[in-house]
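Asks: Next up, start-v4.txt (compact mmCIF, C-alpha atoms).
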```txt
# COMPACT_ATOMS: atom_id res chain seq x y z
CA GLY A 377 39.05 82.32 206.33
CA GLN A 378 35.34 81.89 205.98
CA GLN A 379 33.49 85.13 205.25
CA VAL A 380 29.77 85.71 205.01
CA MET A 381 28.52 88.79 203.20
CA GLN A 382 24.96 90.02 203.51
CA ILE A 383 23.08 92.61 201.46
CA PRO A 384 21.47 95.03 201.68
CA GLN A 385 22.64 96.50 204.97
CA TYR A 386 19.41 98.48 205.32
CA GLN A 387 15.96 97.83 203.93
CA HIS A 388 13.17 100.40 204.25
CA VAL A 389 9.88 98.78 203.35
CA GLN A 390 6.33 100.03 202.97
CA GLU A 391 3.94 97.94 205.04
CA GLY A 392 2.42 95.29 202.83
CA GLU A 393 5.34 95.14 200.39
CA ASP A 394 7.74 92.24 199.86
CA PHE A 395 11.51 92.28 200.21
CA THR A 396 14.49 89.94 200.03
CA THR A 397 17.83 89.87 201.82
CA TYR A 398 20.78 87.94 200.41
CA CYS A 399 23.67 86.12 201.96
CA ASN A 400 26.88 84.95 200.23
CA SER A 401 29.74 82.90 201.58
CA SER A 402 33.31 82.76 200.34
CA THR A 403 33.37 79.01 201.05
CA THR A 404 30.96 76.10 200.78
CA LEU A 405 28.86 75.78 203.91
CA SER A 406 27.62 72.70 205.73
CA ASN A 407 24.51 74.63 206.69
CA ILE A 408 23.19 78.15 206.99
CA GLN A 409 21.16 79.61 209.82
CA TRP A 410 19.00 82.72 210.03
CA TYR A 411 18.44 84.82 213.12
CA LYS A 412 16.31 87.85 213.92
CA GLN A 413 17.27 90.55 216.39
CA ARG A 414 14.62 93.01 217.48
CA PRO A 415 15.79 96.54 218.39
CA GLY A 416 17.48 96.40 221.79
CA GLY A 417 17.21 92.63 221.90
CA HIS A 418 19.34 89.58 221.29
CA PRO A 419 19.49 87.35 218.20
CA VAL A 420 16.81 84.69 218.06
CA PHE A 421 17.22 81.57 215.94
CA LEU A 422 14.72 81.32 213.09
CA ILE A 423 15.72 78.38 210.92
CA GLN A 424 18.54 76.21 209.59
CA LEU A 425 18.97 75.03 205.99
CA VAL A 426 21.17 72.04 205.28
CA LYS A 427 20.50 70.61 201.83
CA SER A 428 21.53 72.07 198.50
CA GLY A 429 18.59 73.94 196.96
CA GLU A 430 16.52 73.62 200.12
CA VAL A 431 13.51 75.91 200.55
CA LYS A 432 11.67 76.34 203.83
CA LYS A 433 8.75 78.54 204.78
CA GLN A 434 7.67 80.03 208.06
CA LYS A 435 4.36 81.83 207.48
CA ARG A 436 5.33 84.91 205.41
CA LEU A 437 9.08 84.12 205.48
CA THR A 438 10.68 81.98 202.77
CA PHE A 439 14.27 80.79 203.20
CA GLN A 440 16.35 79.34 200.39
CA PHE A 441 19.78 77.66 200.29
CA GLY A 442 21.65 77.83 197.00
CA GLU A 443 22.56 74.83 194.89
CA ALA A 444 26.25 75.32 195.54
CA LYS A 445 25.64 75.81 199.28
CA LYS A 446 27.41 79.16 199.18
CA ASN A 447 24.44 81.52 199.18
CA SER A 448 21.06 81.94 200.78
CA SER A 449 18.12 84.30 200.75
CA LEU A 450 15.27 85.34 203.02
CA HIS A 451 12.13 86.65 201.35
CA ILE A 452 9.37 88.28 203.39
CA THR A 453 5.97 88.82 201.82
CA ALA A 454 3.39 91.40 202.91
CA THR A 455 5.72 93.04 205.42
CA GLN A 456 4.21 93.93 208.78
CA THR A 457 5.42 96.23 211.55
CA THR A 458 6.27 93.13 213.58
CA ASP A 459 8.96 92.33 210.99
CA VAL A 460 11.08 95.28 212.16
CA GLY A 461 14.56 94.26 213.27
CA THR A 462 17.88 93.00 211.98
CA TYR A 463 18.06 89.71 210.15
CA PHE A 464 21.35 87.82 210.23
CA CYS A 465 22.46 84.87 208.21
CA ALA A 466 25.15 82.66 209.73
CA GLY A 467 27.19 80.16 207.80
CA GLN A 468 28.43 76.99 209.45
CA GLY A 469 31.89 75.83 208.43
CA ASP A 470 33.65 73.02 210.29
CA TYR A 471 33.02 74.20 213.84
CA LYS A 472 32.70 77.92 213.41
CA LEU A 473 29.49 79.82 212.83
CA SER A 474 30.22 83.06 210.95
CA PHE A 475 27.60 85.78 210.88
CA GLY A 476 26.89 88.25 208.14
CA ALA A 477 26.65 91.95 209.02
CA GLY A 478 22.85 91.77 208.97
CA THR A 479 20.02 93.52 207.15
CA THR A 480 18.23 96.09 209.31
CA VAL A 481 14.58 96.38 208.32
CA THR A 482 12.36 99.35 209.02
CA VAL A 483 8.70 99.46 208.06
CA ARG A 484 6.65 102.47 207.01
CA ALA A 485 3.06 102.12 208.08
CA GLU B 1059 12.90 78.49 232.02
CA ALA B 1060 15.61 77.48 229.55
CA GLN B 1061 17.99 80.37 229.16
CA VAL B 1062 21.45 81.79 228.84
CA THR B 1063 22.23 84.29 231.60
CA GLN B 1064 24.91 86.93 231.23
CA ASN B 1065 26.10 89.33 233.90
CA PRO B 1066 26.43 92.21 234.11
CA ARG B 1067 24.06 93.71 231.53
CA TYR B 1068 25.94 97.01 231.52
CA LEU B 1069 29.50 97.78 232.55
CA ILE B 1070 31.63 100.88 232.36
CA THR B 1071 35.27 100.38 233.25
CA VAL B 1072 38.65 102.01 232.85
CA THR B 1073 41.49 100.95 230.60
CA GLY B 1074 43.60 98.19 232.09
CA LYS B 1075 41.26 97.09 234.87
CA LYS B 1076 40.68 93.35 234.60
CA LEU B 1077 37.08 92.27 234.27
CA THR B 1078 35.03 89.12 233.84
CA VAL B 1079 31.68 88.76 232.13
CA THR B 1080 29.89 85.67 233.34
CA CYS B 1081 27.74 83.38 231.21
CA SER B 1082 25.67 80.47 232.45
CA GLN B 1083 23.22 78.17 230.68
CA ASN B 1084 20.74 75.75 232.23
CA MET B 1085 20.08 73.60 229.15
CA ASN B 1086 23.02 71.19 229.47
CA HIS B 1087 24.35 72.41 226.11
CA GLU B 1088 27.75 71.20 224.94
CA TYR B 1089 28.56 74.16 222.68
CA MET B 1090 29.05 77.67 223.99
CA SER B 1091 30.35 80.76 222.25
CA TRP B 1092 31.11 84.42 222.77
CA TYR B 1093 30.36 87.07 220.16
CA ARG B 1094 30.85 90.79 220.01
CA GLN B 1095 28.50 92.99 218.02
CA ASP B 1096 29.62 96.26 216.51
CA PRO B 1097 27.66 98.51 214.11
CA GLY B 1098 28.09 97.44 210.50
CA LEU B 1099 30.16 94.39 211.43
CA GLY B 1100 27.50 91.99 212.61
CA LEU B 1101 28.39 89.37 215.18
CA ARG B 1102 32.01 88.32 215.33
CA GLN B 1103 33.03 85.21 217.21
CA ILE B 1104 35.59 85.68 219.97
CA TYR B 1105 35.96 82.18 221.39
CA TYR B 1106 33.95 79.01 221.35
CA SER B 1107 33.85 75.81 223.36
CA MET B 1108 32.71 72.40 222.24
CA ASN B 1109 32.68 70.91 225.73
CA VAL B 1110 34.26 71.12 229.16
CA GLU B 1111 37.97 72.00 228.91
CA VAL B 1112 37.71 72.30 225.10
CA THR B 1113 37.99 75.86 223.80
CA ASP B 1114 39.21 77.43 220.60
CA LYS B 1115 39.73 80.86 219.09
CA GLY B 1116 37.14 82.51 216.93
CA ASP B 1117 37.73 85.38 214.53
CA VAL B 1118 38.67 88.10 217.04
CA PRO B 1119 40.28 86.47 220.11
CA GLU B 1120 42.98 89.07 220.79
CA GLY B 1121 42.65 90.62 224.24
CA TYR B 1122 40.22 88.00 225.54
CA LYS B 1123 40.45 84.78 227.52
CA VAL B 1124 37.88 82.12 228.30
CA SER B 1125 37.63 79.00 230.40
CA ARG B 1126 35.19 76.09 230.48
CA LYS B 1127 35.68 74.29 233.77
CA GLU B 1128 32.02 73.37 234.08
CA LYS B 1129 29.52 72.60 231.37
CA ARG B 1130 27.12 75.35 232.35
CA ASN B 1131 29.58 78.24 232.69
CA PHE B 1132 31.70 80.01 230.08
CA PRO B 1133 33.15 83.27 231.45
CA LEU B 1134 34.80 85.87 229.24
CA ILE B 1135 37.87 87.53 230.75
CA LEU B 1136 39.44 90.79 229.67
CA GLU B 1137 42.83 90.92 231.39
CA SER B 1138 43.62 94.49 230.36
CA PRO B 1139 40.63 96.10 228.65
CA SER B 1140 41.19 98.79 226.06
CA PRO B 1141 38.75 101.29 224.48
CA ASN B 1142 38.58 99.24 221.26
CA GLN B 1143 36.90 96.50 223.28
CA THR B 1144 33.91 98.76 223.87
CA SER B 1145 31.12 96.71 222.35
CA LEU B 1146 27.97 94.67 222.89
CA TYR B 1147 28.84 91.12 223.92
CA PHE B 1148 26.66 88.05 223.56
CA CYS B 1149 27.10 84.61 225.01
CA ALA B 1150 25.32 81.76 223.24
CA SER B 1151 24.89 78.03 223.70
CA LYS B 1152 23.74 75.12 221.59
CA ASP B 1153 23.03 71.46 221.99
CA ARG B 1154 25.28 69.27 219.84
CA GLU B 1155 22.34 67.67 218.07
CA ARG B 1156 19.86 70.52 217.81
CA TYR B 1157 19.93 73.47 215.47
CA GLY B 1158 20.59 77.06 216.34
CA TYR B 1159 22.22 78.94 219.17
CA THR B 1160 20.32 80.36 222.14
CA PHE B 1161 21.66 83.79 222.98
CA GLY B 1162 21.91 85.62 226.28
CA SER B 1163 20.51 89.14 226.66
CA GLY B 1164 23.88 90.76 226.08
CA THR B 1165 26.43 92.80 228.01
CA ARG B 1166 27.11 96.35 226.92
CA LEU B 1167 30.70 97.14 227.85
CA THR B 1168 32.26 100.59 227.72
CA VAL B 1169 36.00 100.99 228.32
CA VAL B 1170 37.15 104.55 228.96
```
Once you've parsed the file, please lay out its structure as structure tokens.

Replies:
Amino acid sequence: GQQVMQIPQYQHVQEGEDFTTYCNSSTTLSNIQWYKQRPGGHPVFLIQLVKSGEVKKQKRLTFQFGEAKKNSSLHITATQTTDVGTYFCAGQGDYKLSFGAGTTVTVRA
Amino acid sequence: EAQVTQNPRYLITVTGKKLTVTCSQNMNHEYMSWYRQDPGLGLRQIYYSMNVEVTDKGDVPEGYKVSRKEKRNFPLILESPSPNQTSLYFCASKDRERYGYTFGSGTRLTVV
């Protein structure tokens, strides 16, 4: 079945630094979604990528969908304390949305 | 306010005692889904529904039942809960045309 792997599991970042989290699927995806979950909260939809090679930006967040539509990345520049939380990628197959295990981000001020 | 409402938020129960976690959305969404979240495993889909009376199994359906008699409601039923069903549960809904699921606030279930 469809599996989505996400690395790293934990990311400890100095405030102001950049980091990237990666997502890989065992199958070709129709689209990939990214969610953010703050500590104690619920996942909140950030963005969806559909096209091969697509790149989208939301302020300091850059999302990329691989050419083969099997991998994706989220790059955050100039990390802030508000970026703390767990970031999930979710790959859309036919009707199922499969989530990666998430990257939990902590920020050192 | 557009939202997905789950109840209860917290529940402690004993092994074998049937329980239902309710989920309701006020956005007229066609798609609804249940996920469980466990440390290191992310969100795993239990069941999903594409519309009224249309449901299908996700990745971890064993021990769970669902029904979709009305568009707004998608309850999760545990007929005979066991300790390995202790988890954080999320209900989510999505419009067929729009991107991204809207999640409820979660139900933390403990089975002793």

Asks: Counting all atoms listed in the file, a student should be able to say which residues of chain A come within 7 Å of chain B; what is the right answer, written as an MDAnalysis selection string?

Replies: chainID A and resid 417:421 424 475:478

Asks: Let me see the file: selected residues, C-alpha atoms, as a CSV table (one decimal), in the coordinates of the input.

Replies:
```
chain,number,residue,atom,x,y,z
A,417,GLY,CA,17.2,92.6,221.9
A,418,HIS,CA,19.3,89.6,221.3
A,419,PRO,CA,19.5,87.4,218.2
A,420,VAL,CA,16.8,84.7,218.1
A,421,PHE,CA,17.2,81.6,215.9
A,424,GLN,CA,18.5,76.2,209.6
A,475,PHE,CA,27.6,85.8,210.9
A,476,GLY,CA,26.9,88.2,208.1
A,477,ALA,CA,26.6,92.0,209.0
A,478,GLY,CA,22.8,91.8,209.0
```

Asks: Which residues come within 8 Å of A:Ala454, counting all atoms listed in the file, excluding same-chain residues fewer than 6 positions away, as a list in words?

Replies: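 Once the adjacent positions are removed, what remains is Glu391, Gly392, Glu393, Asp394 and Arg436 of chain A.
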
Asks: Deliver the residues from the most recent selection as a file, using C-alpha atoms, as an mmCIF file, keeping the file's coordinate frame.

Replies:
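selection20.cif, written as the output of this step:
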```cif
data_model
loop_
_atom_site.group_PDB
_atom_site.id
_atom_site.type_symbol
_atom_site.label_atom_id
_atom_site.label_comp_id
_atom_site.auth_asym_id
_atom_site.auth_seq_id
_atom_site.Cartn_x
_atom_site.Cartn_y
_atom_site.Cartn_z
ATOM 1 C CA GLU A 391 3.940 97.940 205.040
ATOM 2 C CA GLY A 392 2.420 95.290 202.830
ATOM 3 C CA GLU A 393 5.340 95.140 200.390
ATOM 4 C CA ASP A 394 7.740 92.240 199.860
ATOM 5 C CA ARG A 436 5.330 84.910 205.410
#
```

Asks: Find the residues near A:Val460: any atom within 6 Å, counting only C-alpha atoms, skip ones fewer than 3 places away on the same chain, and give them as a ChimeraX atom specification.

Replies: /A:457,481-482

Asks: In Å, with one decimal, what is the gap from atom CA of B:Val1112 to atom CA of B:Tyr1068?

Replies: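 Spanning atom CA of B:Val1112 to atom CA of B:Tyr1068 is a straight-line distance of 28.1 Å.
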
Asks: Name all residues at most 7 Å from B:Asn1065 (count all atoms listed in the file; drop same-chain ones fewer than 4 positions away) and give them as JSON, numbers by chain.

Replies: {"B": [1079, 1080, 1081, 1165]}

Asks: Considering all atoms listed in the file, can you say which of B:Asn1084, B:Met1090, B:Val1072, B:Glu1059 comes closest to A:Lys472?

Replies: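 Selected residue with least distance to A:Lys472: B:Met1090.
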
Asks: Using all atoms listed in the file, can you tell me which of B:Leu1069, B:Gly1074, B:Ile1104, B:Arg1166 comes closest to B:Pro1133?

Replies: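 Of B:Leu1069, B:Gly1074, B:Ile1104, B:Arg1166, the one nearest B:Pro1133 is B:Ile1104, counting all atoms listed in the file.
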
Asks: Taking (17.2, 96.4, 215.0) in the file's coordinates, which residues come within 8 Å, counting only C-alpha atoms, written as a list in words?

Replies: Gln413, Arg414, Pro415, Gly416, Gly417, Val460, Gly461, Thr462, Thr480 and Val481 of chain A

Asks: Could you check which of A:Tyr411, A:Tyr398, A:Tyr463, A:Tyr386 is closest to A:Lys446, using only C-alpha atoms?

Replies: A:Tyr398

Asks: Output as JSON the centre and edge lengths (Å, one decimal) of the box along x, y and z of the file that holds every listed atom of stretch 1082-1090 of chain B after adding 3 Å on each side.

Replies:
```
{"center_x": 24.6, "center_y": 75.8, "center_z": 227.6, "size_x": 15.0, "size_y": 15.3, "size_z": 15.8}
```

Asks: So the first atom is atom CA of A:Gln379 and the second is atom CA of B:Arg1094; what is the distance between them in Å, to one decimal place?

Replies: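 Spanning atom CA of A:Gln379 to atom CA of B:Arg1094 is a straight-line distance of 16.0 Å.
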